[in-house]
Amino acid sequence: MRYYEDSIAFLGQWGRFQKVVFVLLSASIVPNGFGAFNLVFLTDVPSHHCRVRDVNLTEDWQKNIIPFKVVDGKPELSRCSRYRLDVVRNLSAQGLLPDKDVNLTDLEQEACVDGWIYNTDIYLATIVSEFDLVCDDEWKQPFSASVFFLGSLCGSFMSGQLSDKFGRKPVLFATIILQTICTFAQVYSTSWLMFTILLFINGLGQISNFVAALVLGAEVLTDKVRVLYSSLGTCFGFALGYMMLPLFAYFIRDWRYLLLALSVVGTAYLPAWWLIPESPRWLLSQGRVKEAEAIVKKAAKWNKLQTPAIIFEESCYNETKTDVKEKYNVLDLLKNQARGTTLIVSLVSFTITAGYYGLSFDTPQLHTNPFVSCFISAAVEFPSYVSSWLALLYLPRRLSVMGSLFIGAVPLFLLQLVPHDLSYLSLSLEMLGKYGFTSGLSMMFAYTAELYPTPLRNTATGTTGTVSRLGSCIAPFMLKMRLWFKYLPYILLGTLSILSAFAAFFLPETFGQHLPENFEQMQRGKGMKCPCVNGGKKNRTRRVPKQSNIAYSV
């Protein structure tokens, strides 16, 4: 079978066509940076205390009806209880004074039966203050984030198969529309249940859009430009959206208006339908050679190049057509030649994703100002992606992934040793850990895509992404483990990372190899030989170019 890169080599790597695809697909990732982390602000908990109905109380009792509790060595008003209102009202009517005539510690307390009063110094409103997700309903805070990632989990699984069946481009734009509509609909949520259902659907579109854009660009672009797009273009698009989020949230302090502003951004990408092509590589895998040739001819016209008389030879793609007839599905990932690889990739992806999202959602704990915290966490993404790009260009895949896992794990163990008064050192160690997980996340999707053949590439990326999303689903609840022991979440993440690093050692090495087009080439690994070369000559071998790589991020 003739390699795709050989057939389109005449296009070059960085013409007008490639530049347009590069920029548009990278820009389509920006809203994903908004969507992935807007819950940092939507579910943040303002300081609050019980509401007290307007009753006839003296000024002294109005100031003391809420008990004080010591939190982190500082006294603050209780968030979930107050002294019984009927008792306090009687004491006030008798003219008794708190802490003078009455010992407050002897008074019976009750829950916040009249609701809560929320501080508006930082936020005008969040879904926590809107739907009272505190005290007995506090579990709904992390559960909201888990529902979003559960949607992403399902989206990872479905988008891969839908994209392999119907094409990369239709799935990309369908999920952009889905995200935009759901984000806009959330603005009008009248209950937490309605908000959560829409959040789940939004999660479906979030990861589906991301994976479709990554695979589409990686299959259209070639060689070093493909690495640049996948490891820096899309990653910088995501990080840019992530960094813009705290700026939006700083100026828009109400959660409804924040979502409204974020939903408008998605509509700007719809005209790109007429500029972004379908993947010729995917069309060839479906045996649709004429359509693939039409796209390549259009690219040649944009690049002002002459098109060869024959671009894709039918005989060279018979093997691909046979693969299509076999109708590969997710079960093929567990066949003998792919089972071990799939299991290890799933474990490593799960660990890296749990670490990445766990540390990202931990940002409100890093600084008294949540906007500064989120911005710092987003800024760390840029050096992480540059590091992963350089690693993808020059280092073996296994070594790179293992290194990122160790960099993510070691700082988490060291956090326990930092004195409480050195908060900036703790912040630096946690951000170093996030740097490692972010680099690993970018490289892991590259590694995954290089391991599997074209008919299953998107399914493999989506399926292993599905498993990885289990890590993001448990991350919000893992952070709550600090209620038992402050460093327990970090110890769990660090231990899992070390184990995953050793498991990654047993993965095949793909650095410097062609993307496999079928299972036979997947099994060959290094030293794959092409039965067809430019010009249609057969029975000649051809060396594999060193930098025929692919890269992804999430």
# chains A, B, ... in the order shown; residues from 1 in each chain; ligands from 1
$ residues_around --residues "Leu427 (chain A)" --least-positions-apart "5" --cutoff "12 Å" --atoms "only C-alpha atoms" --output "mmCIF file with C-alpha atoms, in the first residue's frame"
data_model
loop_
_atom_site.group_PDB
_atom_site.id
_atom_site.type_symbol
_atom_site.label_atom_id
_atom_site.label_comp_id
_atom_site.auth_asym_id
_atom_site.auth_seq_id
_atom_site.Cartn_x
_atom_site.Cartn_y
_atom_site.Cartn_z
ATOM 1 C CA LEU A 359 -4.248 19.986 40.113
ATOM 2 C CA ASP A 362 -7.180 22.740 42.959
ATOM 3 C CA THR A 363 -6.324 26.276 41.807
ATOM 4 C CA PRO A 364 -8.746 28.110 44.158
ATOM 5 C CA GLN A 365 -6.665 26.727 47.058
ATOM 6 C CA LEU A 366 -3.414 28.170 45.694
ATOM 7 C CA HIS A 367 -4.106 31.873 46.215
ATOM 8 C CA SER A 373 -4.774 31.234 40.816
ATOM 9 C CA ILE A 376 -1.078 30.950 37.066
ATOM 10 C CA SER A 377 -2.369 27.436 36.443
ATOM 11 C CA VAL A 380 2.047 26.803 33.262
ATOM 12 C CA PRO A 411 6.793 17.227 43.647
ATOM 13 C CA LEU A 412 3.552 15.794 45.030
ATOM 14 C CA LEU A 414 7.663 16.628 48.501
ATOM 15 C CA LEU A 415 4.660 18.803 49.366
ATOM 16 C CA VAL A 418 7.182 21.977 53.084
ATOM 17 C CA HIS A 420 3.251 25.846 56.436
ATOM 18 C CA ASP A 421 4.773 29.333 56.274
ATOM 19 C CA LEU A 422 6.422 28.623 52.886
ATOM 20 C CA LEU A 432 5.865 21.746 38.745
ATOM 21 C CA GLY A 433 3.672 18.675 39.158
ATOM 22 C CA LYS A 434 1.082 20.168 36.828
#
$ residues_around --residues "region 486-492 of chain A" --least-positions-apart "2" --cutoff "12 Å" --atoms "only C-alpha atoms" --output "NGL selection string"
:A and (72 or 351 or 354-356 or 358-359 or 362 or 365 or 408-418 or 420 or 426 or 429-430 or 433-434 or 474-484 or 494-499)
$ residues_around --residues "region 21-24 of chain A" --least-positions-apart "3" --cutoff "8 Å" --atoms "only C-alpha atoms" --output "ChimeraX atom specification"
/A:17-18,27-28,217,229,233,272,275-276
$ residues_around --residues "Lys63 (chain A)" --least-positions-apart "4" --cutoff "12 Å" --atoms "only C-alpha atoms" --output "ChimeraX atom specification"
/A:52,57-59,67-68,77,82-83,88,92,97-99
$ write_last_selection --atoms "C-alpha atoms" --output "short mmCIF file (atom, residue, chain, number, x, y, z; two decimals), in the first residue's frame"
data_model
loop_
_atom_site.label_atom_id
_atom_site.label_comp_id
_atom_site.auth_asym_id
_atom_site.auth_seq_id
_atom_site.Cartn_x
_atom_site.Cartn_y
_atom_site.Cartn_z
CA VAL A 52 -32.01 35.15 59.75
CA LEU A 57 -34.00 41.07 68.00
CA THR A 58 -31.75 43.45 69.87
CA GLU A 59 -28.56 44.58 68.15
CA PRO A 67 -22.02 30.87 66.19
CA PHE A 68 -18.30 31.24 65.52
CA LEU A 77 -19.09 32.54 61.22
CA ARG A 82 -27.30 29.14 63.84
CA TYR A 83 -28.72 29.35 67.34
CA VAL A 88 -32.93 33.62 70.85
CA SER A 92 -33.87 38.97 73.42
CA LEU A 97 -27.36 39.82 76.81
CA PRO A 98 -25.25 37.20 74.97
CA ASP A 99 -22.00 36.14 76.66
#
$ closest_residue --among "A:Thr183, A:Thr307, A:Ser428, A:Ser152" --to "Thr267 (chain A)" --atoms "only C-alpha atoms"
A:Thr183
$ closest_residue --among "A:Val171, A:Thr438, A:Lys165, A:Thr43" --to "Trp139 (chain A)" --atoms "only C-alpha atoms"
A:Thr43
$ closest_residue --among "A:Pro277, A:Gly440, A:Gly237, A:Pro370" --to "Val401 (chain A)" --atoms "only C-alpha atoms"
A:Gly440
$ closest_residue --among "A:Gly155, A:Gly35, A:Gly115, A:Pro75" --to "Arg469 (chain A)" --atoms "only C-alpha atoms"
A:Gly155
$ closest_residue --among "A:Val40, A:Lys169, A:Asp106, A:Leu393" --to "Lys224 (chain A)" --atoms "only C-alpha atoms"
A:Leu393
$ closest_residue --among "A:Gln13, A:Thr190, A:Ser7, A:Gln161" --to "Leu284 (chain A)" --atoms "only C-alpha atoms"
A:Ser7
$ atom_distance --atom1 "CA of Tyr394 (chain A)" --atom2 "CA of Phe511 (chain A)"
8.7 Å
$ residues_around --residues "Ile127 (chain A)" --least-positions-apart "4" --cutoff "8 Å" --atoms "only C-alpha atoms" --output "number ranges by chain"
A: 42-43, 131-133, 192, 255
$ write_last_selection --atoms "N, CA and C atoms" --output "PDB file, in the first residue's frame"
ATOM      1  N   LEU A  42     -17.724  28.733  38.242  1.00  0.00           N
ATOM      2  CA  LEU A  42     -19.163  28.501  38.390  1.00  0.00           C
ATOM      3  C   LEU A  42     -19.484  27.780  39.692  1.00  0.00           C
ATOM      4  N   THR A  43     -18.600  26.908  40.144  1.00  0.00           N
ATOM      5  CA  THR A  43     -18.864  26.132  41.363  1.00  0.00           C
ATOM      6  C   THR A  43     -18.032  26.588  42.556  1.00  0.00           C
ATOM      7  N   PHE A 131     -28.227  28.039  43.657  1.00  0.00           N
ATOM      8  CA  PHE A 131     -29.017  26.845  43.979  1.00  0.00           C
ATOM      9  C   PHE A 131     -28.716  26.295  45.379  1.00  0.00           C
ATOM     10  N   ASP A 132     -28.001  27.085  46.196  1.00  0.00           N
ATOM     11  CA  ASP A 132     -27.693  26.704  47.585  1.00  0.00           C
ATOM     12  C   ASP A 132     -27.026  25.327  47.673  1.00  0.00           C
ATOM     13  N   LEU A 133     -25.896  25.186  46.982  1.00  0.00           N
ATOM     14  CA  LEU A 133     -25.165  23.912  46.984  1.00  0.00           C
ATOM     15  C   LEU A 133     -24.155  23.890  48.132  1.00  0.00           C
ATOM     16  N   TRP A 192     -30.685  23.202  39.720  1.00  0.00           N
ATOM     17  CA  TRP A 192     -29.392  22.533  39.605  1.00  0.00           C
ATOM     18  C   TRP A 192     -29.500  21.308  38.710  1.00  0.00           C
ATOM     19  N   TRP A 255     -22.550  34.230  37.060  1.00  0.00           N
ATOM     20  CA  TRP A 255     -22.337  33.002  36.291  1.00  0.00           C
ATOM     21  C   TRP A 255     -23.188  32.948  35.029  1.00  0.00           C
TER      22      TRP A 255
END
$ residues_around --residues "Ala460 (chain A)" --least-positions-apart "4" --cutoff "12 Å" --atoms "only C-alpha atoms" --output "number ranges by chain"
A: 156-161, 163-164, 211, 215, 328-334, 338-339, 341-343, 345-346, 445-456, 464-467
$ write_last_selection --atoms "N, CA and C atoms" --output "CSV table (one decimal), in the first residue's frame"
chain,number,residue,atom,x,y,z
A,156,SER,N,-15.9,10.9,24.5
A,156,SER,CA,-14.7,10.2,24.0
A,156,SER,C,-14.9,8.9,23.3
A,157,PHE,N,-15.8,8.2,23.9
A,157,PHE,CA,-16.1,6.8,23.3
A,157,PHE,C,-16.9,6.9,22.0
A,158,MET,N,-17.9,7.8,22.0
A,158,MET,CA,-18.8,7.9,20.9
A,158,MET,C,-18.2,8.7,19.7
A,159,SER,N,-17.5,9.7,20.0
A,159,SER,CA,-16.9,10.6,19.0
A,159,SER,C,-15.9,9.8,18.1
A,160,GLY,N,-15.1,9.0,18.8
A,160,GLY,CA,-14.1,8.2,18.0
A,160,GLY,C,-14.8,7.3,16.9
A,161,GLN,N,-15.8,6.6,17.3
A,161,GLN,CA,-16.5,5.7,16.4
A,161,GLN,C,-17.3,6.5,15.3
A,163,SER,N,-16.7,9.6,14.3
A,163,SER,CA,-15.7,10.2,13.4
A,163,SER,C,-15.1,9.2,12.4
A,164,ASP,N,-14.8,8.0,12.9
A,164,ASP,CA,-14.3,7.0,12.0
A,164,ASP,C,-15.4,6.6,10.9
A,211,VAL,N,-11.1,16.1,20.1
A,211,VAL,CA,-10.5,14.9,19.4
A,211,VAL,C,-10.6,15.0,17.9
A,215,VAL,N,-7.4,15.1,15.3
A,215,VAL,CA,-7.2,14.0,14.3
A,215,VAL,C,-7.3,14.6,12.9
A,328,TYR,N,-13.8,-2.4,11.3
A,328,TYR,CA,-13.2,-2.5,12.6
A,328,TYR,C,-14.0,-1.7,13.6
A,329,ASN,N,-14.0,-2.2,14.8
A,329,ASN,CA,-14.7,-1.5,15.9
A,329,ASN,C,-13.9,-1.5,17.2
A,330,VAL,N,-14.4,-1.1,18.3
A,330,VAL,CA,-13.7,-1.0,19.5
A,330,VAL,C,-13.1,-2.3,20.0
A,331,LEU,N,-13.8,-3.4,19.7
A,331,LEU,CA,-13.3,-4.7,20.1
A,331,LEU,C,-12.0,-5.1,19.5
A,332,ASP,N,-11.7,-4.5,18.3
A,332,ASP,CA,-10.4,-4.8,17.7
A,332,ASP,C,-9.3,-4.3,18.5
A,333,LEU,N,-9.5,-3.3,19.4
A,333,LEU,CA,-8.5,-2.8,20.3
A,333,LEU,C,-8.0,-3.9,21.3
A,334,LEU,N,-8.8,-4.9,21.4
A,334,LEU,CA,-8.4,-5.9,22.4
A,334,LEU,C,-8.0,-7.2,21.7
A,338,ALA,N,-3.0,-6.0,19.9
A,338,ALA,CA,-3.3,-4.6,20.4
A,338,ALA,C,-3.7,-4.6,21.9
A,339,ARG,N,-4.0,-5.8,22.4
A,339,ARG,CA,-4.5,-5.8,23.8
A,339,ARG,C,-3.6,-5.2,24.8
A,341,THR,N,-1.0,-3.3,24.5
A,341,THR,CA,-0.8,-1.8,24.2
A,341,THR,C,-2.0,-1.0,24.7
A,342,THR,N,-3.2,-1.5,24.4
A,342,THR,CA,-4.4,-0.7,24.8
A,342,THR,C,-4.6,-0.6,26.3
A,343,LEU,N,-4.3,-1.7,27.0
A,343,LEU,CA,-4.4,-1.7,28.5
A,343,LEU,C,-3.4,-0.7,29.1
A,345,VAL,N,-1.8,1.8,27.6
A,345,VAL,CA,-2.1,3.2,27.2
A,345,VAL,C,-3.3,3.7,28.1
A,346,SER,N,-4.3,2.9,28.4
A,346,SER,CA,-5.4,3.3,29.1
A,346,SER,C,-5.0,3.7,30.6
A,445,PHE,N,-1.4,11.5,23.9
A,445,PHE,CA,-2.3,11.4,22.7
A,445,PHE,C,-1.5,11.3,21.4
A,446,ALA,N,-0.3,11.9,21.4
A,446,ALA,CA,0.5,11.7,20.2
A,446,ALA,C,0.9,10.2,20.1
A,447,TYR,N,1.4,9.7,21.2
A,447,TYR,CA,1.8,8.3,21.3
A,447,TYR,C,0.7,7.3,20.9
A,448,THR,N,-0.5,7.6,21.4
A,448,THR,CA,-1.6,6.7,21.1
A,448,THR,C,-1.9,6.7,19.7
A,449,ALA,N,-2.0,7.9,19.0
A,449,ALA,CA,-2.3,7.9,17.6
A,449,ALA,C,-1.3,7.2,16.7
A,450,GLU,N,0.0,7.2,17.2
A,450,GLU,CA,1.0,6.6,16.4
A,450,GLU,C,1.0,5.1,16.5
A,451,LEU,N,0.4,4.6,17.5
A,451,LEU,CA,0.4,3.1,17.7
A,451,LEU,C,-0.7,2.4,16.9
A,452,TYR,N,-1.7,3.1,16.4
A,452,TYR,CA,-2.9,2.4,15.8
A,452,TYR,C,-3.0,2.8,14.4
A,453,PRO,N,-3.6,1.8,13.5
A,453,PRO,CA,-3.8,2.1,12.1
A,453,PRO,C,-4.9,3.1,11.8
A,454,THR,N,-5.0,3.6,10.6
A,454,THR,CA,-5.9,4.7,10.3
A,454,THR,C,-7.4,4.3,10.5
A,455,PRO,N,-7.8,3.1,10.1
A,455,PRO,CA,-9.3,2.8,10.3
A,455,PRO,C,-9.7,2.8,11.8
A,456,LEU,N,-8.7,2.6,12.7
A,456,LEU,CA,-9.0,2.5,14.1
A,456,LEU,C,-8.4,3.7,14.9
A,464,THR,N,-9.4,5.1,24.5
A,464,THR,CA,-8.4,5.4,25.6
A,464,THR,C,-8.7,6.7,26.2
A,465,GLY,N,-9.2,7.7,25.5
A,465,GLY,CA,-9.6,8.9,26.1
A,465,GLY,C,-10.8,8.7,27.0
A,466,THR,N,-11.7,7.8,26.7
A,466,THR,CA,-12.8,7.4,27.5
A,466,THR,C,-12.3,7.0,28.9
A,467,VAL,N,-11.4,6.1,28.9
A,467,VAL,CA,-10.8,5.5,30.1
A,467,VAL,C,-10.1,6.7,30.9
$ atom_distance --atom1 "CA of Val289 (chain A)" --atom2 "CA of Phe166 (chain A)"
15.7 Å
$ select_by_dssp --residues "region 106-288 of chain A" --states "strand (DSSP E or B)" --output "list of chain:residue names"
A:Gln109, A:Glu110, A:Ala111, A:Trp116, A:Ile117, A:Tyr118, A:Ala125, A:Asp254
$ write_last_selection --atoms "N, CA and C atoms" --output "mmCIF file, in the first residue's frame"
data_model
loop_
_atom_site.group_PDB
_atom_site.id
_atom_site.type_symbol
_atom_site.label_atom_id
_atom_site.label_comp_id
_atom_site.auth_asym_id
_atom_site.auth_seq_id
_atom_site.Cartn_x
_atom_site.Cartn_y
_atom_site.Cartn_z
ATOM 1 N N GLN A 109 -28.443 24.628 68.720
ATOM 2 C CA GLN A 109 -28.288 25.145 67.365
ATOM 3 C C GLN A 109 -29.236 24.432 66.408
ATOM 4 N N GLU A 110 -29.462 25.073 65.266
ATOM 5 C CA GLU A 110 -30.318 24.503 64.231
ATOM 6 C C GLU A 110 -29.703 24.768 62.860
ATOM 7 N N ALA A 111 -30.178 24.043 61.851
ATOM 8 C CA ALA A 111 -29.678 24.230 60.488
ATOM 9 C C ALA A 111 -30.186 25.556 59.918
ATOM 10 N N TRP A 116 -29.412 30.986 53.119
ATOM 11 C CA TRP A 116 -28.080 31.511 53.408
ATOM 12 C C TRP A 116 -27.912 32.912 52.832
ATOM 13 N N ILE A 117 -26.988 33.633 53.399
ATOM 14 C CA ILE A 117 -26.544 34.918 52.854
ATOM 15 C C ILE A 117 -25.123 34.716 52.344
ATOM 16 N N TYR A 118 -24.874 35.066 51.075
ATOM 17 C CA TYR A 118 -23.573 34.835 50.451
ATOM 18 C C TYR A 118 -22.815 36.149 50.279
ATOM 19 N N ALA A 125 -22.736 36.131 41.733
ATOM 20 C CA ALA A 125 -23.507 34.890 41.866
ATOM 21 C C ALA A 125 -22.744 33.756 41.211
ATOM 22 N N ASP A 254 -21.106 37.413 37.372
ATOM 23 C CA ASP A 254 -22.340 36.634 37.479
ATOM 24 C C ASP A 254 -22.251 35.426 36.556
#
